[in-house]
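Novice: Sharing a structure below in structure tokens format, with a few things to ask.
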Amino acid sequence: MTTAFVIDNETVLCRYTAKGWRPVQVSVLAINSDIVKKDQAAESANELYQVGRVELLASLAASNWETNGSLALDTSPEPIDGDDVPATIAITYDYAQTHGIAIPNLTKDSHKSTVLQTPLARTEEINFITYRQLITQLPVALSTQLSQAIQLLRWQADTQFCSRCSASVTVAKFGERAMVCPVCRLRQYPRVQPCVITAITRPNPQTGEMQILLAHHHRYGRPSTQLQYGLIAGFVEVGESLEHAVMREVLEEVGIRLTDIHYVSSQPWPFPSNLMLGFRASYTSGEIVIQEDELSHADFFDISNLPKIPFKGSIAYDLIAQIAHEQGIIL
Ligand SMILES: [Zn+2]
């Protein structure tokens with residue numbers, strides 16, 4: 001037997017515990033991995049390949065488990081206990097249904113209709129919870145593993161035919177995570193889309209206090225409560241370096257120029273399959289001119305007087321918190 005997370009699109013089967021929502025792990029019959037030897041033909045690998053079931057990276061589960069994978073503002077290891085031992089595979093809810101895998105206490109129709117909205121209903125013992133909600137409350141290593149599970153299952157569902165000649169693809173042999181076209185030999189790998197996100201600082205021209213550039217995006221909506229601000233972010237274009245992408249995005253969105261661009265940290269973000277690459281940079285010149293189809297407002301804010309910023313657990317929060325921390329301010 002092996003243990004599995006259960007995923008339904010961007011939601012994860014969870015149980016409500018004293019620590020909040022934690023992913024449920026169900027027991028699944030192991031596929032006999034002895035059959036998959038390195039010298040086996042691709043046909044054997046294909047016999048073992050099942051849509052709706054993916055193996056998670058062992059290195060994500062184990063070696064990162066006891067360290068804080070974020071910016072390590074708090075360098076103490078995250079608490080671990082029995083409930084948080086990582087699973088080795090992930091399956092879809094449909095796979096569980098098809099293969100008769102028992103899911104305790106989940107009522108028959110609850111998974112489609114009752115994805116919980118905040119505030120979470122604690123009376124529901126087991127339910128599918130959105131990844132966006134979970135990331136704010138899970139240990140980093142666990143949320144990273146779930147992020148991988150969501151992305152791999154989606155990739156698997158979306159990669160059943162060759163994108164060049166439309167033949168049905170088969171799984172690569174030798175345990176490589178790729179799908180191969182038996183006709184034209186095109187190999188398709190899980191995609192990662194690099195996306196740069198940048199915290200730009202300058203001293204307040206009047207007071208000298210450190211300031212950070214924050215922007216309000218149209219996509220955040222116009223809530224009646226406090227407006228949420230975030231950092232400048234965007235996808236890396238084909239042929240660009242990461243540093244160039246940082247400069248281009250910032251110039252496009254707010255019209256200012258930067259210096260001292262340096263990489264800080266990264267975060268996988270499964271919507272749909274982004275790798276957020278966190279940078280810091282210093283303002284050099286230019287007046288803020290916002291790109292109006294993306295932003296409604298952007299400005300430098302004193303670190304001691306920030307507006308509403310992205311949630312804890314996001315790389316944007318970590319970058320902002322790191323700068324605040326350097327100024328002796330705990331967010
Ligand atoms: Zn093909």
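FYI, nothing fancy with the structure tokens labels: chains A, B, ... in order, residues from 1 per chain, ligands from 1 as they appear.
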List as a ChimeraX atom specification the protein and nucleic acid residues near A:Phe235, meaning an atom at most 9 Å away when only C-alpha atoms are counted, but skip any in the same chain fewer than 3 places from it.
Specialist: /A:193-197,245,249,274,276
Novice: Would you save the residues from that selection as a PDB file, in the first residue's frame, using C-alpha atoms?
Specialist:
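And here is the file that came out, out-v2.pdb:
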ATOM      1  CA  GLN A 193       5.968  29.198 -17.045  1.00  0.00           C
ATOM      2  CA  PRO A 194       8.504  31.589 -15.525  1.00  0.00           C
ATOM      3  CA  CYS A 195       7.051  34.776 -14.097  1.00  0.00           C
ATOM      4  CA  VAL A 196       9.094  37.542 -12.462  1.00  0.00           C
ATOM      5  CA  ILE A 197       7.834  39.481  -9.441  1.00  0.00           C
ATOM      6  CA  ALA A 245      11.924  40.672 -17.947  1.00  0.00           C
ATOM      7  CA  GLU A 249       7.652  44.661 -16.931  1.00  0.00           C
ATOM      8  CA  ASN A 274       3.829  29.325 -13.014  1.00  0.00           C
ATOM      9  CA  MET A 276       7.274  32.872  -9.563  1.00  0.00           C
TER      10      MET A 276
END
Novice: Do you know which residues are within 10 Å of ligand 1 using only C-alpha atoms and all ligand atoms? Can you write them as an MDAnalysis selection string?
Specialist: chainID A and resid 161:169 180:188
Novice: Applying 12 Å and only C-alpha atoms, which residues near A:Ala96 remain after dropping the ones on its own chain fewer than 5 positions away? List them as JSON, numbers by chain.
Specialist: {"A": [4, 5, 6, 7, 8, 13, 25, 26, 27, 28, 29, 50, 51, 52, 53, 90, 91, 101, 102, 103, 104]}
Novice: May I ask which of the residues A:Thr3, A:Ser282, A:Thr136, A:Gln327 is the closest one to A:Thr201, counting only C-alpha atoms?
Specialist: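 Of all the options, A:Ser282 lies closest to A:Thr201.
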Novice: Counting only C-alpha atoms, which residue out of A:Thr198, A:Ser296, A:Thr159, A:Thr284 sits closest to A:His216?
Specialist: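 Closest candidate: A:Ser296.
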Novice: Pick from A:Thr170, A:Pro268, A:Gly328, A:Ala30: nearest to A:Ile315, with only C-alpha atoms counted?
Specialist: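 Checking each candidate against A:Ile315, we get A:Pro268 as the closest.
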Novice: Just the residues within 7 Å of A:His217, please, counting only C-alpha atoms, with nothing from its chain fewer than 2 positions along; format it as a PDB file with C-alpha atoms, in the first residue's frame.
Specialist:
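Saved the output as result22.pdb:
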ATOM      1  CA  ALA A 215       0.337  48.615  -7.250  1.00  0.00           C
ATOM      2  CA  ARG A 219      -7.981  42.132 -11.327  1.00  0.00           C
ATOM      3  CA  TYR A 220      -8.098  42.542  -7.536  1.00  0.00           C
ATOM      4  CA  GLU A 294      -3.542  46.680 -15.920  1.00  0.00           C
ATOM      5  CA  LEU A 295      -3.309  48.974 -12.915  1.00  0.00           C
ATOM      6  CA  SER A 296      -5.564  51.508 -11.267  1.00  0.00           C
TER       7      SER A 296
END
Novice: As a ChimeraX atom specification, list the residues of stretch 151-314 of chain A assigned to strand (DSSP E) by DSSP on the backbone atoms of this structure.
Specialist: /A:170-171,179-180,187-188,193-203,210-217,232-235,257-269,274-285,295-302
Novice: Could you pull the residues within 6 Å of A:Ile200, counting only C-alpha atoms, minus those fewer than 2 positions along the same chain, as a list in words?
Specialist: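 Here the answer would be Ile212, Leu213, Arg280, Ala281 and Ser282 of chain A.
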Novice: Just to be explicit: take each residue in the selection above, keep C-alpha atoms, and write the result as a PDB file, in the first residue's frame.
Specialist:
ATOM      1  CA  ILE A 212       8.366  49.998  -1.491  1.00  0.00           C
ATOM      2  CA  LEU A 213       6.513  50.275  -4.794  1.00  0.00           C
ATOM      3  CA  ARG A 280      14.494  42.938  -5.544  1.00  0.00           C
ATOM      4  CA  ALA A 281      15.638  46.134  -7.214  1.00  0.00           C
ATOM      5  CA  SER A 282      16.331  49.776  -6.443  1.00  0.00           C
TER       6      SER A 282
END
Novice: What's the 8 Å shell around stretch 129-135 of chain A, counting only C-alpha atoms, without same-chain residues fewer than 6 positions away, as a list in words?
Specialist: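 So, after excluding close chain neighbours, the residues are Glu10, Thr11, Val12, Leu13, Cys14, Trp21, Val115, Leu116, Ser143, Leu146, Ser147, Gly313 and Ser314 of chain A.
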Novice: Filtering to N, CA and C atoms, could you give me those residues as a short mmCIF file (atom, residue, chain, number, x, y, z; two decimals), in the first residue's frame?
Specialist:
data_model
loop_
_atom_site.label_atom_id
_atom_site.label_comp_id
_atom_site.auth_asym_id
_atom_site.auth_seq_id
_atom_site.Cartn_x
_atom_site.Cartn_y
_atom_site.Cartn_z
N GLU A 10 -8.52 22.28 -8.67
CA GLU A 10 -7.62 23.06 -7.82
C GLU A 10 -7.97 22.93 -6.35
N THR A 11 -8.68 21.85 -6.01
CA THR A 11 -9.03 21.64 -4.61
C THR A 11 -8.40 20.34 -4.10
N VAL A 12 -8.21 20.29 -2.79
CA VAL A 12 -7.54 19.17 -2.15
C VAL A 12 -8.47 18.62 -1.06
N LEU A 13 -8.59 17.30 -1.01
CA LEU A 13 -9.41 16.68 0.03
C LEU A 13 -8.75 16.90 1.38
N CYS A 14 -9.46 17.50 2.32
CA CYS A 14 -8.88 17.87 3.61
C CYS A 14 -9.78 17.45 4.76
N TRP A 21 -7.22 23.14 8.35
CA TRP A 21 -7.41 22.13 7.31
C TRP A 21 -6.08 21.47 6.94
N VAL A 115 -17.33 23.41 -2.03
CA VAL A 115 -16.02 23.98 -1.78
C VAL A 115 -16.23 25.20 -0.88
N LEU A 116 -15.54 25.19 0.23
CA LEU A 116 -15.92 26.13 1.28
C LEU A 116 -15.42 27.53 1.00
N SER A 143 2.56 22.50 1.21
CA SER A 143 1.83 23.22 0.16
C SER A 143 2.56 23.12 -1.17
N LEU A 146 1.60 19.77 -2.65
CA LEU A 146 0.23 19.81 -3.19
C LEU A 146 0.20 20.59 -4.50
N SER A 147 1.00 21.66 -4.55
CA SER A 147 1.09 22.44 -5.78
C SER A 147 1.58 21.55 -6.92
N GLY A 313 2.25 33.56 2.89
CA GLY A 313 2.35 32.32 2.12
C GLY A 313 2.63 32.60 0.66
N SER A 314 2.35 33.83 0.23
CA SER A 314 2.66 34.20 -1.16
C SER A 314 4.08 34.76 -1.21
#
Novice: Please determine, counting only C-alpha atoms, which residue among A:Asp302, A:Trp155, A:His297, A:Val289 has the shortest atom-to-atom distance to A:Gln206.
Specialist: A:Asp302
Novice: In terms of the shortest atom-to-atom distance over only C-alpha atoms, which of A:Leu251, A:Leu277, A:Val171, A:Leu306 is closest to A:Tyr189?
Specialist: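 Among the listed residues, the smallest separation from A:Tyr189 belongs to A:Val171.
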Novice: Taking only C-alpha atoms into account, which of A:Ile256, A:Val54, A:Val236, A:Leu227 comes nearest A:Gln148?
Specialist: A:Val54
Novice: Measure the distance from atom CA of A:Leu214 to atom CA of A:Phe301 in Å and round it to one decimal.
Specialist: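 Spanning atom CA of A:Leu214 to atom CA of A:Phe301 is a straight-line distance of 7.0 Å.
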Novice: Work out how far apart atom CA of A:Met1 and atom CA of A:Ile150 are and give it in Å to one decimal.
Specialist: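 One can read the atom CA of A:Met1 to atom CA of A:Ile150 distance as 21.8 Å.
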Novice: Name the residues of stretch 126-292 of chain A that fall into helix (DSSP H, G or I) according to DSSP on the backbone, using the chain letters and numbers of this document, as a VMD selection string.
Specialist: chain A and resid 131 to 134 140 to 158 218 to 220 242 to 254
Novice: Just the selected residues (N, CA and C atoms), exported as a compact mmCIF listing (two decimals), in the first residue's frame, please.
Specialist:
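So the final result, stored in result_1.txt, reads:
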# COMPACT_ATOMS: atom_id res chain seq x y z
N TYR A 131 -6.78 25.24 -3.11
CA TYR A 131 -5.36 25.41 -2.81
C TYR A 131 -5.07 26.83 -2.33
N ARG A 132 -5.76 27.81 -2.90
CA ARG A 132 -5.53 29.20 -2.50
C ARG A 132 -5.81 29.39 -1.00
N GLN A 133 -6.79 28.68 -0.48
CA GLN A 133 -7.08 28.78 0.95
C GLN A 133 -6.03 28.04 1.76
N LEU A 134 -5.61 26.87 1.25
CA LEU A 134 -4.68 26.04 2.02
C LEU A 134 -3.31 26.67 2.16
N VAL A 140 5.26 25.06 4.40
CA VAL A 140 5.66 25.33 3.01
C VAL A 140 5.89 24.04 2.23
N ALA A 141 6.58 23.08 2.84
CA ALA A 141 6.90 21.85 2.11
C ALA A 141 5.63 21.11 1.70
N LEU A 142 4.63 21.15 2.55
CA LEU A 142 3.39 20.45 2.24
C LEU A 142 2.62 21.18 1.14
N SER A 143 2.56 22.50 1.21
CA SER A 143 1.83 23.22 0.16
C SER A 143 2.56 23.12 -1.17
N THR A 144 3.90 23.03 -1.13
CA THR A 144 4.66 22.86 -2.38
C THR A 144 4.34 21.51 -3.01
N GLN A 145 4.25 20.50 -2.18
CA GLN A 145 3.94 19.17 -2.70
C GLN A 145 2.54 19.12 -3.31
N LEU A 146 1.60 19.77 -2.65
CA LEU A 146 0.23 19.81 -3.19
C LEU A 146 0.20 20.59 -4.50
N SER A 147 1.00 21.66 -4.55
CA SER A 147 1.09 22.44 -5.78
C SER A 147 1.58 21.55 -6.92
N GLN A 148 2.58 20.74 -6.63
CA GLN A 148 3.08 19.83 -7.66
C GLN A 148 2.00 18.83 -8.08
N ALA A 149 1.28 18.32 -7.11
CA ALA A 149 0.22 17.34 -7.41
C ALA A 149 -0.83 17.93 -8.34
N ILE A 150 -1.27 19.14 -8.04
CA ILE A 150 -2.29 19.79 -8.87
C ILE A 150 -1.78 19.97 -10.29
N GLN A 151 -0.53 20.43 -10.41
CA GLN A 151 0.02 20.71 -11.74
C GLN A 151 0.24 19.44 -12.55
N LEU A 152 0.75 18.40 -11.89
CA LEU A 152 1.03 17.16 -12.63
C LEU A 152 -0.26 16.48 -13.09
N LEU A 153 -1.25 16.48 -12.24
CA LEU A 153 -2.52 15.85 -12.63
C LEU A 153 -3.17 16.62 -13.78
N ARG A 154 -3.06 17.93 -13.74
CA ARG A 154 -3.63 18.73 -14.83
C ARG A 154 -2.85 18.49 -16.13
N TRP A 155 -1.51 18.46 -16.00
CA TRP A 155 -0.68 18.20 -17.18
C TRP A 155 -1.02 16.84 -17.79
N GLN A 156 -1.19 15.87 -16.92
CA GLN A 156 -1.50 14.52 -17.40
C GLN A 156 -2.83 14.51 -18.16
N ALA A 157 -3.83 15.18 -17.59
CA ALA A 157 -5.13 15.22 -18.25
C ALA A 157 -5.07 15.95 -19.58
N ASP A 158 -4.19 16.95 -19.66
CA ASP A 158 -4.10 17.78 -20.87
C ASP A 158 -3.12 17.25 -21.90
N HIS A 218 -6.35 45.99 -11.47
CA HIS A 218 -7.79 45.89 -11.74
C HIS A 218 -8.32 44.51 -11.35
N ARG A 219 -7.47 43.50 -11.55
CA ARG A 219 -7.98 42.13 -11.33
C ARG A 219 -8.27 41.87 -9.85
N TYR A 220 -7.76 42.70 -8.96
CA TYR A 220 -8.10 42.54 -7.54
C TYR A 220 -9.54 42.97 -7.25
N LEU A 242 15.89 36.79 -17.23
CA LEU A 242 15.00 37.16 -16.12
C LEU A 242 15.16 38.64 -15.78
N GLU A 243 16.40 39.12 -15.79
CA GLU A 243 16.65 40.52 -15.43
C GLU A 243 16.00 41.45 -16.46
N HIS A 244 16.07 41.06 -17.72
CA HIS A 244 15.43 41.87 -18.74
C HIS A 244 13.92 41.89 -18.53
N ALA A 245 13.37 40.74 -18.19
CA ALA A 245 11.92 40.67 -17.95
C ALA A 245 11.52 41.59 -16.80
N VAL A 246 12.34 41.64 -15.75
CA VAL A 246 12.06 42.54 -14.62
C VAL A 246 12.04 43.99 -15.11
N MET A 247 13.07 44.38 -15.86
CA MET A 247 13.16 45.77 -16.33
C MET A 247 12.00 46.12 -17.26
N ARG A 248 11.69 45.21 -18.17
CA ARG A 248 10.63 45.46 -19.15
C ARG A 248 9.26 45.59 -18.47
N GLU A 249 8.96 44.64 -17.59
CA GLU A 249 7.65 44.66 -16.93
C GLU A 249 7.46 45.95 -16.12
N VAL A 250 8.51 46.35 -15.41
CA VAL A 250 8.41 47.54 -14.56
C VAL A 250 8.27 48.79 -15.42
N LEU A 251 9.03 48.85 -16.51
CA LEU A 251 8.93 50.00 -17.40
C LEU A 251 7.54 50.06 -18.04
N GLU A 252 7.02 48.89 -18.45
CA GLU A 252 5.70 48.85 -19.07
C GLU A 252 4.59 49.26 -18.10
N GLU A 253 4.68 48.74 -16.89
CA GLU A 253 3.54 48.89 -15.98
C GLU A 253 3.58 50.20 -15.19
N VAL A 254 4.78 50.68 -14.83
CA VAL A 254 4.82 51.91 -14.03
C VAL A 254 5.80 52.95 -14.57
